[in-house]
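**Student:** What follows is target-v3.cif, mmCIF, C-alpha atoms and all ligand atoms.
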```cif
data_coords
#
loop_
_atom_site.label_atom_id
_atom_site.label_comp_id
_atom_site.auth_asym_id
_atom_site.auth_seq_id
_atom_site.Cartn_x
_atom_site.Cartn_y
_atom_site.Cartn_z
CA MET A 24 0.00 0.00 0.00
CA SER A 25 1.31 3.46 -0.85
CA ALA A 26 1.72 6.06 1.85
CA SER A 27 -1.22 8.06 0.54
CA ASP A 28 -3.44 4.94 0.48
CA ILE A 29 -2.54 4.26 4.08
CA PHE A 30 -3.34 7.80 5.07
CA ARG A 31 -6.66 7.61 3.21
CA LYS A 32 -7.63 4.50 5.15
CA VAL A 33 -6.76 6.11 8.48
CA ALA A 34 -8.59 9.32 7.57
CA GLN A 35 -11.72 7.38 6.59
CA ARG A 36 -11.60 5.51 9.85
CA ILE A 37 -11.37 8.82 11.72
CA ASP A 38 -14.44 10.07 9.81
CA GLY A 39 -16.21 6.95 11.03
CA PHE A 40 -15.38 7.91 14.61
CA ARG A 41 -17.17 11.26 14.36
CA ASP A 42 -20.09 10.33 16.60
CA ALA A 43 -17.88 8.52 19.07
CA MET A 44 -15.70 11.62 19.33
CA VAL A 45 -18.71 13.79 20.10
CA ASP A 46 -19.84 11.19 22.63
CA LEU A 47 -16.47 11.33 24.40
CA GLN A 48 -16.68 15.14 24.47
CA VAL A 49 -20.07 14.94 26.19
CA LYS A 50 -18.78 12.42 28.74
CA LEU A 51 -15.68 14.50 29.52
CA CYS A 52 -17.76 17.65 29.97
CA ALA A 53 -19.82 15.89 32.62
CA ILE A 54 -16.68 15.51 34.76
CA PRO A 55 -15.60 19.11 35.44
CA ALA A 56 -11.89 19.24 36.21
CA ILE A 57 -11.36 22.63 37.80
CA ALA A 58 -8.24 23.54 39.79
CA PRO A 59 -8.64 23.73 43.59
CA SER A 60 -7.35 27.32 43.41
CA SER A 61 -10.33 28.11 41.13
CA GLY A 62 -12.81 26.41 43.47
CA GLY A 63 -12.81 22.91 41.96
CA GLU A 64 -11.55 19.51 43.04
CA GLY A 65 -8.89 18.97 40.39
CA GLU A 66 -8.70 16.44 37.58
CA ALA A 67 -8.61 13.09 39.44
CA LYS A 68 -12.07 11.86 38.36
CA LYS A 69 -11.58 12.90 34.74
CA ALA A 70 -8.16 11.24 34.69
CA GLU A 71 -9.60 8.02 36.14
CA PHE A 72 -12.16 7.95 33.33
CA LEU A 73 -9.47 8.67 30.73
CA GLU A 74 -7.11 6.06 32.14
CA ALA A 75 -9.80 3.44 31.59
CA PHE A 76 -10.44 4.77 28.08
CA LEU A 77 -6.73 4.54 27.20
CA LYS A 78 -6.47 0.96 28.47
CA GLU A 79 -9.58 -0.13 26.57
CA ASN A 80 -8.49 1.47 23.30
CA GLY A 81 -5.15 -0.02 22.45
CA PHE A 82 -2.75 2.25 24.31
CA ALA A 83 0.28 0.69 25.98
CA ASP A 84 2.29 1.59 29.08
CA VAL A 85 -0.39 3.83 30.53
CA THR A 86 1.23 5.68 33.43
CA LEU A 87 -0.37 7.94 35.99
CA ILE A 88 2.00 10.52 37.44
CA LYS A 89 0.59 12.06 40.60
CA ALA A 90 1.73 15.55 41.48
CA PRO A 91 1.02 15.94 45.21
CA ASP A 92 -1.49 18.74 45.93
CA LEU A 93 -3.04 18.81 49.39
CA ASP A 94 -5.67 21.30 48.22
CA ALA A 95 -7.20 18.63 45.96
CA PRO A 96 -9.59 16.17 47.69
CA SER A 97 -7.64 13.29 46.11
CA GLY A 98 -4.36 14.73 47.41
CA TYR A 99 -2.81 14.82 43.96
CA ARG A 100 -3.12 16.18 40.43
CA PRO A 101 -3.07 13.49 37.76
CA ASN A 102 -0.88 13.41 34.66
CA LEU A 103 -1.39 10.54 32.25
CA LEU A 104 1.14 9.28 29.74
CA ALA A 105 0.35 6.53 27.23
CA TYR A 106 1.99 5.09 24.14
CA PHE A 107 1.08 3.42 20.91
CA ARG A 108 4.13 1.59 19.65
CA GLY A 109 5.41 2.33 16.16
CA GLN A 110 7.74 0.62 13.73
CA SER A 111 10.66 2.35 15.39
CA SER A 112 11.14 3.53 18.97
CA ALA A 113 14.01 5.86 18.00
CA LYS A 114 11.74 8.77 18.77
CA THR A 115 8.26 9.47 20.05
CA ILE A 116 5.70 11.69 18.38
CA TRP A 117 3.86 13.44 21.23
CA VAL A 118 0.55 15.17 21.48
CA MET A 119 0.14 17.00 24.77
CA SER A 120 -3.25 18.20 25.89
CA HIS A 121 -4.59 19.31 29.25
CA THR A 122 -7.48 17.83 31.19
CA ASP A 123 -8.25 20.82 33.40
CA ILE A 124 -10.80 23.45 32.48
CA VAL A 125 -11.61 26.94 33.71
CA PRO A 126 -14.84 27.56 35.68
CA ALA A 127 -18.02 28.19 33.69
CA GLY A 128 -18.17 31.83 34.76
CA GLU A 129 -21.49 33.70 34.76
CA LEU A 130 -24.08 30.94 34.19
CA SER A 131 -26.80 33.27 32.89
CA LEU A 132 -24.62 33.97 29.85
CA TRP A 133 -24.78 30.30 28.82
CA ARG A 134 -27.56 29.00 26.58
CA GLY A 135 -27.38 25.60 28.27
CA ASP A 136 -25.69 23.77 31.13
CA PRO A 137 -21.94 24.11 30.52
CA PHE A 138 -21.40 20.65 32.00
CA LYS A 139 -24.10 18.94 29.92
CA ALA A 140 -22.58 19.40 26.48
CA TRP A 141 -25.00 19.80 23.61
CA VAL A 142 -24.69 19.66 19.82
CA GLU A 143 -25.97 22.40 17.56
CA LYS A 144 -25.19 23.06 13.87
CA GLY A 145 -22.01 21.03 13.70
CA ARG A 146 -20.66 22.26 17.01
CA VAL A 147 -20.41 20.79 20.49
CA TYR A 148 -21.06 23.35 23.23
CA GLY A 149 -19.81 23.10 26.79
CA ARG A 150 -17.04 24.23 29.11
CA GLY A 151 -13.74 22.72 27.99
CA VAL A 152 -14.90 21.37 24.62
CA GLU A 153 -12.47 23.57 22.70
CA ASP A 154 -9.92 24.20 25.46
CA ASN A 155 -8.55 21.57 25.48
CA GLN A 156 -10.84 18.58 24.83
CA GLN A 157 -10.93 19.12 21.08
CA ALA A 158 -7.23 18.25 20.97
CA LEU A 159 -7.43 15.60 23.65
CA VAL A 160 -10.23 13.71 21.90
CA ALA A 161 -8.62 14.20 18.48
CA SER A 162 -5.32 12.72 19.67
CA LEU A 163 -6.98 9.66 21.22
CA PHE A 164 -9.03 8.90 18.13
CA ALA A 165 -6.08 9.47 15.80
CA VAL A 166 -4.36 6.64 17.64
CA LYS A 167 -7.53 4.53 17.82
CA ALA A 168 -7.76 4.71 14.02
CA PHE A 169 -4.37 3.02 13.72
CA ALA A 170 -5.42 0.31 16.15
CA ALA A 171 -8.72 -0.22 14.32
CA GLU A 172 -6.99 -0.49 10.93
CA GLY A 173 -4.23 -2.70 12.26
CA LEU A 174 -1.67 -0.14 11.05
CA ILE A 175 1.57 0.76 12.77
CA PRO A 176 2.78 4.38 12.81
CA ALA A 177 6.33 5.19 11.74
CA TYR A 178 7.50 5.92 15.30
CA ASP A 179 6.11 5.50 18.79
CA VAL A 180 3.20 7.83 19.47
CA GLY A 181 2.81 9.31 22.92
CA VAL A 182 -0.12 11.12 24.40
CA ALA A 183 0.33 13.28 27.49
CA LEU A 184 -2.89 14.27 29.22
CA VAL A 185 -1.76 16.72 31.86
CA ALA A 186 -3.28 18.63 34.74
CA ASP A 187 -3.09 22.25 35.85
CA GLU A 188 -2.50 24.08 32.55
CA GLU A 189 -4.94 26.86 33.39
CA THR A 190 -3.27 27.88 36.64
CA GLY A 191 0.42 27.68 35.84
CA SER A 192 1.25 23.99 35.12
CA LYS A 193 3.15 23.49 38.39
CA PHE A 194 1.21 20.25 39.00
CA GLY A 195 1.01 19.53 35.28
CA ILE A 196 3.62 19.49 32.54
CA ASP A 197 6.13 21.31 34.75
CA TYR A 198 5.94 18.43 37.23
CA VAL A 199 6.12 15.81 34.47
CA LEU A 200 9.19 17.48 32.93
CA HIS A 201 11.03 17.62 36.23
CA GLN A 202 9.91 14.42 37.96
CA ALA A 203 9.42 11.87 35.22
CA ASN A 204 10.74 13.44 32.06
CA PRO A 205 9.72 10.93 29.38
CA PHE A 206 10.78 13.24 26.53
CA ARG A 207 13.91 12.75 24.44
CA PRO A 208 15.80 15.27 22.30
CA ASP A 209 14.63 13.85 18.96
CA ASP A 210 10.96 13.60 19.95
CA LEU A 211 8.37 15.66 18.11
CA ILE A 212 6.17 17.54 20.54
CA MET A 213 2.83 18.99 19.47
CA VAL A 214 0.83 21.16 21.86
CA PRO A 215 -2.58 21.73 20.24
CA ASP A 216 -3.76 24.44 22.64
CA ALA A 217 -3.79 27.54 20.45
CA GLY A 218 -4.16 28.39 16.80
CA ASN A 219 -6.38 30.17 14.33
CA GLU A 220 -9.62 29.51 12.49
CA HIS A 221 -7.87 28.28 9.34
CA GLY A 222 -5.42 25.99 11.11
CA THR A 223 -2.51 27.87 9.55
CA LEU A 224 -0.80 29.26 12.67
CA ILE A 225 2.05 27.12 13.99
CA GLU A 226 3.23 28.91 17.10
CA VAL A 227 6.97 28.53 17.68
CA ALA A 228 8.02 31.53 19.72
CA GLU A 229 6.79 34.09 22.15
CA LYS A 230 7.80 37.46 23.47
CA SER A 231 8.93 38.13 27.02
CA ILE A 232 6.28 39.72 29.18
CA LEU A 233 7.03 42.65 31.50
CA TRP A 234 4.26 44.41 33.43
CA LEU A 235 5.29 47.45 35.45
CA LYS A 236 3.55 49.65 38.01
CA PHE A 237 4.65 53.27 38.25
CA LYS A 238 3.90 55.09 41.48
CA THR A 239 4.74 58.79 41.30
CA LEU A 240 4.84 60.77 44.54
CA GLY A 241 4.65 64.57 44.51
CA LYS A 242 2.91 66.91 46.94
CA GLN A 243 -0.79 67.63 47.14
CA ALA A 244 -1.92 71.26 47.03
CA HIS A 245 -4.92 73.44 46.19
CA GLY A 246 -5.62 73.73 42.48
CA SER A 247 -5.24 77.52 42.67
CA THR A 248 -1.72 77.34 44.15
CA PRO A 249 0.19 74.69 42.18
CA GLU A 250 3.50 76.25 43.22
CA LYS A 251 2.87 75.02 46.77
CA GLY A 252 2.66 71.40 45.62
CA VAL A 253 4.29 69.01 43.20
CA ASN A 254 1.91 67.71 40.55
CA SER A 255 2.41 63.95 40.42
CA PHE A 256 -0.03 63.48 37.55
CA LYS A 257 1.81 65.98 35.37
CA ALA A 258 5.16 64.29 36.08
CA ALA A 259 3.69 60.83 35.44
CA SER A 260 2.17 62.02 32.17
CA PHE A 261 5.57 63.30 31.12
CA LEU A 262 6.99 59.87 31.96
CA VAL A 263 4.30 58.21 29.82
CA THR A 264 5.46 60.18 26.80
CA LYS A 265 9.12 59.47 27.66
CA LEU A 266 8.38 55.73 27.73
CA GLU A 267 7.37 56.00 24.08
CA GLY A 268 11.14 56.30 23.51
CA LEU A 269 11.45 52.59 24.35
CA TYR A 270 10.20 51.85 20.84
CA ARG A 271 13.26 53.67 19.44
CA ARG A 272 15.67 52.25 22.02
CA PHE A 273 14.55 48.64 21.27
CA PRO A 274 13.72 48.85 17.56
CA VAL A 275 14.51 45.36 16.23
CA ARG A 276 11.92 43.87 13.90
CA ASP A 277 11.38 40.13 13.66
CA ARG A 278 8.91 39.05 11.01
CA LEU A 279 8.31 35.78 12.81
CA PHE A 280 6.10 37.85 15.11
CA ASP A 281 2.90 39.77 14.56
CA PRO A 282 3.33 42.62 15.39
CA PRO A 283 7.03 42.26 14.44
CA ILE A 284 8.29 44.65 17.15
CA SER A 285 8.60 44.87 20.91
CA THR A 286 5.69 46.82 22.40
CA PHE A 287 5.63 49.19 25.38
CA GLU A 288 2.14 50.40 26.14
CA PRO A 289 0.83 52.37 29.11
CA THR A 290 -2.44 50.66 30.07
CA LYS A 291 -4.18 50.83 33.43
CA LYS A 292 -4.60 54.12 35.28
CA GLU A 293 -5.65 54.34 38.91
CA PRO A 294 -7.86 57.23 39.99
CA ASN A 295 -6.08 60.05 41.82
CA VAL A 296 -7.94 62.95 43.43
CA PRO A 297 -11.77 62.89 43.25
CA ASN A 298 -12.13 66.62 42.57
CA ILE A 299 -10.88 69.01 39.92
CA ASN A 300 -9.43 71.68 42.19
CA THR A 301 -6.71 69.61 43.87
CA ILE A 302 -3.16 69.15 42.62
CA PRO A 303 -2.67 65.38 42.94
CA GLY A 304 0.17 64.24 45.19
CA GLU A 305 0.12 60.61 44.08
CA ASP A 306 -0.29 59.00 40.68
CA ILE A 307 -0.31 55.34 39.64
CA PHE A 308 -0.26 53.90 36.14
CA TYR A 309 0.85 50.65 34.55
CA MET A 310 2.68 49.50 31.45
CA ASP A 311 2.34 46.24 29.49
CA SER A 312 5.49 45.33 27.52
CA ARG A 313 5.95 42.43 25.11
CA ILE A 314 9.61 42.15 24.30
CA LEU A 315 11.22 40.23 21.45
CA PRO A 316 13.35 37.33 22.74
CA LYS A 317 16.51 38.91 21.32
CA TYR A 318 16.39 41.59 24.04
CA LYS A 319 17.09 40.99 27.71
CA VAL A 320 14.19 42.02 29.92
CA GLU A 321 16.70 43.47 32.39
CA ASP A 322 17.95 45.90 29.74
CA VAL A 323 14.42 47.22 29.29
CA GLU A 324 14.05 47.56 33.06
CA LYS A 325 17.33 49.52 33.25
CA LYS A 326 16.23 51.89 30.51
CA VAL A 327 12.86 52.41 32.18
CA ARG A 328 14.59 53.26 35.46
CA ALA A 329 16.84 55.77 33.68
CA LEU A 330 13.80 57.49 32.17
CA ALA A 331 12.10 57.59 35.59
CA ASP A 332 15.27 59.14 37.06
CA GLN A 333 15.17 61.90 34.44
CA VAL A 334 11.55 62.70 35.27
CA GLU A 335 12.30 62.66 39.02
CA ALA A 336 15.08 65.20 38.51
CA ARG A 337 13.02 67.46 36.30
CA PHE A 338 9.80 67.52 38.36
CA GLY A 339 11.04 66.88 41.91
CA VAL A 340 8.92 63.74 42.32
CA LYS A 341 9.76 60.21 43.53
CA ILE A 342 8.90 57.42 41.10
CA GLY A 343 8.69 53.84 42.28
CA VAL A 344 8.79 51.20 39.53
CA GLU A 345 7.41 47.82 40.61
CA VAL A 346 7.45 44.60 38.58
CA MET A 347 3.94 43.12 38.46
CA GLN A 348 4.83 40.31 36.08
CA LYS A 349 8.04 39.28 34.43
CA ALA A 350 8.21 36.22 32.21
CA PRO A 351 11.32 36.02 30.05
CA ALA A 352 10.63 34.27 26.74
CA ALA A 353 11.82 30.73 26.22
CA PRO A 354 14.26 30.09 23.36
CA PRO A 355 12.12 29.88 20.19
CA THR A 356 11.48 26.64 18.35
CA SER A 357 13.11 26.91 14.93
CA ALA A 358 10.71 27.51 12.05
CA LYS A 359 12.58 24.59 10.43
CA ALA A 360 12.27 22.20 13.39
CA PRO A 361 11.05 18.71 12.36
CA VAL A 362 7.79 19.15 14.28
CA VAL A 363 7.03 22.36 12.39
CA LEU A 364 7.80 20.83 9.00
CA ALA A 365 5.71 17.75 9.84
CA LEU A 366 2.74 19.89 10.88
CA LYS A 367 3.02 21.98 7.70
CA LYS A 368 2.87 18.85 5.55
CA ALA A 369 -0.09 17.47 7.46
CA VAL A 370 -2.02 20.77 7.44
CA LYS A 371 -1.51 21.02 3.70
CA GLN A 372 -2.81 17.50 3.16
CA VAL A 373 -5.81 17.74 5.49
CA TYR A 374 -6.89 21.39 5.30
CA ARG A 375 -5.41 22.35 1.91
CA ARG A 376 -3.70 25.39 3.37
CA GLU A 377 -0.13 26.55 3.99
CA GLY A 378 0.84 26.49 7.64
CA LYS A 379 3.03 29.32 8.83
CA ALA A 380 5.44 29.32 11.78
CA ALA A 381 4.93 32.42 13.88
CA GLY A 382 5.57 34.00 17.26
CA ILE A 383 2.91 35.45 19.53
CA GLY A 384 2.88 38.10 22.25
CA GLY A 385 1.66 35.96 25.12
CA GLY A 386 2.98 32.95 26.95
CA THR A 387 1.87 29.39 26.14
CA VAL A 388 2.47 26.14 27.95
CA ALA A 389 4.95 25.20 25.21
CA ALA A 390 7.38 27.63 26.85
CA LEU A 391 7.92 25.04 29.58
CA PHE A 392 9.08 22.54 26.96
CA ARG A 393 11.27 25.15 25.30
CA HIS A 394 12.86 26.20 28.58
CA ALA A 395 13.67 22.50 29.11
CA GLY A 396 15.32 22.32 25.67
CA PHE A 397 12.51 20.66 23.66
CA PRO A 398 11.41 22.39 20.43
CA ALA A 399 7.64 22.12 20.90
CA ALA A 400 5.13 23.59 18.45
CA VAL A 401 1.66 24.85 19.29
CA TRP A 402 -0.95 24.20 16.67
CA ALA A 403 -4.70 23.56 16.34
CA LYS A 404 -7.61 24.70 14.17
CA LEU A 405 -9.70 26.74 16.56
CA ASP A 406 -12.39 29.38 16.74
CA GLU A 407 -10.79 30.60 19.97
CA THR A 408 -13.87 30.36 22.17
CA ALA A 409 -11.79 29.21 25.14
CA HIS A 410 -12.84 30.57 28.55
CA GLN A 411 -15.95 32.23 27.07
CA PRO A 412 -19.60 31.49 27.79
CA ASN A 413 -21.04 29.08 25.19
CA GLU A 414 -17.58 27.74 24.42
CA TYR A 415 -17.82 25.42 21.44
CA CYS A 416 -15.78 23.04 19.36
CA ILE A 417 -16.46 22.76 15.63
CA ILE A 418 -16.83 19.03 15.09
CA ASP A 419 -15.13 19.24 11.68
CA ASN A 420 -12.11 20.81 13.40
CA MET A 421 -11.93 17.99 15.94
CA VAL A 422 -12.12 15.37 13.19
CA GLY A 423 -9.72 17.30 10.93
CA ASP A 424 -7.18 17.82 13.72
CA ALA A 425 -7.26 14.07 14.40
CA LYS A 426 -6.34 13.53 10.73
CA VAL A 427 -3.50 16.05 11.02
CA PHE A 428 -2.09 14.15 13.99
CA ALA A 429 -2.52 10.85 12.15
CA HIS A 430 -0.68 12.31 9.14
CA VAL A 431 2.21 13.35 11.36
CA PHE A 432 2.26 9.86 12.95
CA LEU A 433 2.67 8.34 9.48
CA GLN A 434 5.51 10.59 8.34
CA LYS A 435 8.87 8.79 8.17
ZN ZN B 501 -5.87 25.41 27.03
#
```
If you convert what's in this file into structure tokens, what do you get?

**Tutor:**
Amino acid sequence: MSASDIFRKVAQRIDGFRDAMVDLQVKLCAIPAIAPSSGGEGEAKKAEFLEAFLKENGFADVTLIKAPDLDAPSGYRPNLLAYFRGQSSAKTIWVMSHTDIVPAGELSLWRGDPFKAWVEKGRVYGRGVEDNQQALVASLFAVKAFAAEGLIPAYDVGVALVADEETGSKFGIDYVLHQANPFRPDDLIMVPDAGNEHGTLIEVAEKSILWLKFKTLGKQAHGSTPEKGVNSFKAASFLVTKLEGLYRRFPVRDRLFDPPISTFEPTKKEPNVPNINTIPGEDIFYMDSRILPKYKVEDVEKKVRALADQVEARFGVKIGVEVMQKAPAAPPTSAKAPVVLALKKAVKQVYRREGKAAGIGGGTVAALFRHAGFPAAVWAKLDETAHQPNEYCIIDNMVGDAKVFAHVFLQK
């Protein structure tokens, strides 16, 4: 049988699983796996259900890795690893998805019970159906198709169903990487937890995040006698315009990213005085920066401090700069990494579109792989309804993504 005949057989089998995939979505939705820190009891029950599913559906070496968490009623957070053996064990082709979900949020905004998934016009609705059950279900049925057809993938396939992605991954992939690391340097690692509506975005890099709080202290006075005070708001406003200079100081463009530059934007502003006729003595505003990985975050911080010093000297204020969040970017996955090339081929075959490696401004869970030295790629075909009321998964996307994974599993 030619390679394309084999793929056709697997793809047909996946089409035949359509109803079963929807059925698994509905069952998973009925077992809400919300982090204890978000008011839930963790993922233990969902993982127990999935462990049974894996064992009944042809997976081998199913392992449950328990990350201890005393806040969870079970005392742990479950991470499941399972394999489907290929013709060669020289490397493993991984699909990582997460079992945890975010809370439903305001229930009145939902058109149905978020934990009783329902189907409407080719979509499954429910909390977690897109984030991240679409990928989870797709990966399991991609493997099941091989088992059902009696076909062997080129290399070992691994599925990692991890906990705690929504609240930092400490009990999830971070724990797995540091306690049980099953990953090897040549493995291909797919993280189908973000993407775009066409399935063309292959996320390989991210910017560093730096959130700063600026607290400017002057001296309060009556609005009619500004010379008796020091106007903190005026000084802070001057600083805001000075910070615009960061764009010129850190000007590198990298077309891997959209936008291709580092960004430095003043965002939140706290109220100062409640009345018009008072010179404000205290002012607080914030800045959100997304910095290209080629720059050191510390260099941006130094430059910011220097600008604040200039404003202090000119206006006679004191400016405190506090870091609210600092997340240096992981080393990017190369746009030519095997996992990226494999995904491009598969996307072309299944969705008839050109995949494009790109960087994004926010952090993804793949950063944990990249920090650990594994070139992971984030990809899925999504409508990006994650965390919203009436979250849905387009059933065609779930079936199509399963075919993309299957295509990657077949690549030599
Ligand atoms: Zn997610």

**Student:** Do you know which residues lie at most 9 Å from (-2.0, 61.0, 38.5), with coordinates as in the file and all atoms listed in the file counted, and could you write them as a PyMOL selection string?

**Tutor:** chain A and resi 238-239+254-260+292-296+303-308

**Student:** Hey, which of A:Pro297, A:Gly151, A:Gly339, A:Gly386 ends up closest to Cys416 of chain A? Count all atoms listed in the file.

**Tutor:** A:Gly151

**Student:** Neighbours of ligand ZN 501 (chain B) at 8 Å or closer, counting all atoms listed in the file: which residues, as a list in words?

**Tutor:**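 So the residues close to ligand ZN 501 (chain B) are Ser120, His121, Ile124, Asp154, Asn155, Glu188, Glu189, Asp216, Ala217 and Ala409 of chain A.
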
**Student:** With only C-alpha atoms counted and 12 Å as the cut-off, give the residues of segment 251-286 of chain A in contact with segment 355-370 of chain A, each with its shortest interatomic distance in Å and the pair that gives it, as a Markdown table.

**Tutor:**
```
| residue | atom | partner | partner_atom | distance |
| --- | --- | --- | --- | --- |
| A:Arg278 | CA | A:Ala358 | CA | 11.7 |
| A:Leu279 | CA | A:Ala358 | CA | 8.6 |
| A:Phe280 | CA | A:Pro355 | CA | 11.2 |
```

**Student:** Under the rule that only C-alpha atoms are counted, which of A:Gly63, A:Gly396, A:Gly109, A:Pro101 is the nearest residue to Tyr178 of chain A?

**Tutor:**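 Checking each of A:Gly63, A:Gly396, A:Gly109, A:Pro101 against Tyr178 of chain A, counting only C-alpha atoms, the winner is A:Gly109.
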
**Student:** Using Å and a single decimal, report how far atom CA of Ile302 of chain A sits from atom CA of Ser247 of chain A.

**Tutor:**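 Interatomic distance, atom CA of Ser247 of chain A to atom CA of Ile302 of chain A: 8.6 Å.
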
**Student:** Pick out the closest residue to Pro283 of chain A from this set: A:Asp311, A:Asp332, A:Glu64, A:Glu229. Count all atoms listed in the file.

**Tutor:** A:Glu229

**Student:** Between atom CA of Glu407 of chain A and atom CA of Val214 of chain A, what is the distance, to one decimal in Å?

**Tutor:**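 One can read the atom CA of Glu407 of chain A to atom CA of Val214 of chain A distance as 15.1 Å.
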
**Student:** Record the distance separating atom CA of Gly343 of chain A and atom CA of Val253 of chain A, expressed in Å with one decimal.

**Tutor:**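 For atom CA of Gly343 of chain A relative to atom CA of Val253 of chain A, the distance reads 15.8 Å.
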
**Student:** I want to know what sits within 10 Å of Ala58 of chain A, based on all atoms listed in the file, with residues of the same chain fewer than 3 positions away left out; could you give that as a PyMOL selection string?

**Tutor:** chain A and resi 55+61-66+94-95+100+123-126+186-190

**Student:** Counting all atoms listed in the file, write as an MDAnalysis selection string all protein and nucleic acid residues lying at most 10 Å from (6.3, 12.6, 34.5) in the file's frame.

**Tutor:** chainID A and resid 86:90 101:104 183 185 195:206

**Student:** Quick one: everything within 9 Å of Ile284 of chain A, counting only C-alpha atoms, minus sequence neighbours fewer than 6 positions away in the same chain. Send it as a JSON list (two decimals) with C-alpha atoms, in the frame of the given file.

**Tutor:**
```json
[["chain", "number", "residue", "atom", "x", "y", "z"],
["A", 270, "TYR", "CA", 10.20, 51.85, 20.84],
["A", 273, "PHE", "CA", 14.55, 48.64, 21.27],
["A", 274, "PRO", "CA", 13.72, 48.85, 17.56],
["A", 275, "VAL", "CA", 14.51, 45.36, 16.23],
["A", 276, "ARG", "CA", 11.92, 43.87, 13.90],
["A", 277, "ASP", "CA", 11.38, 40.13, 13.66],
["A", 278, "ARG", "CA", 8.91, 39.05, 11.01],
["A", 313, "ARG", "CA", 5.95, 42.43, 25.11],
["A", 314, "ILE", "CA", 9.61, 42.15, 24.30],
["A", 315, "LEU", "CA", 11.22, 40.23, 21.45]]
```

**Student:** From the options A:Thr301, A:Asp28, A:Lys230, A:Pro208, which residue's atoms come nearest to His245 of chain A, counting all atoms listed in the file?

**Tutor:** A:Thr301

**Student:** Taking all atoms listed in the file into account, name the residue in A:Arg328, A:Lys371, A:Lys317, A:Arg108 that is nearest to Pro176 of chain A.

**Tutor:**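 Selected residue with least distance to Pro176 of chain A: A:Arg108.
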
**Student:** Which residues are near Trp234 of chain A? Cut-off 6 Å, only C-alpha atoms, ignore same chain within fewer than 3 positions. Put them as a list in words.

**Tutor:**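 Using only C-alpha atoms, the neighbours found are Met310, Asp311, Met347 and Gln348 of chain A.
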
**Student:** If you count only C-alpha atoms, which residues fall within 8 Å of Asp406 of chain A, apart from same-chain ones fewer than 3 positions away, as a PDB file with C-alpha atoms, in the frame of the given file?

**Tutor:**
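What ended up in around_38.pdb:
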```
ATOM      1  CA  ASN A 219      -6.380  30.170  14.330  1.00  0.00           C
ATOM      2  CA  GLU A 220      -9.620  29.510  12.490  1.00  0.00           C
ATOM      3  CA  CYS A 416     -15.780  23.040  19.360  1.00  0.00           C
ATOM      4  CA  ILE A 417     -16.460  22.760  15.630  1.00  0.00           C
TER       5      ILE A 417
END
```

**Student:** Which is closer to Ala350 of chain A than all the others in A:Leu73, A:Val327, A:Ala390, A:Val160, using all atoms listed in the file?

**Tutor:**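 For Ala350 of chain A, the nearest of the candidates is A:Ala390.
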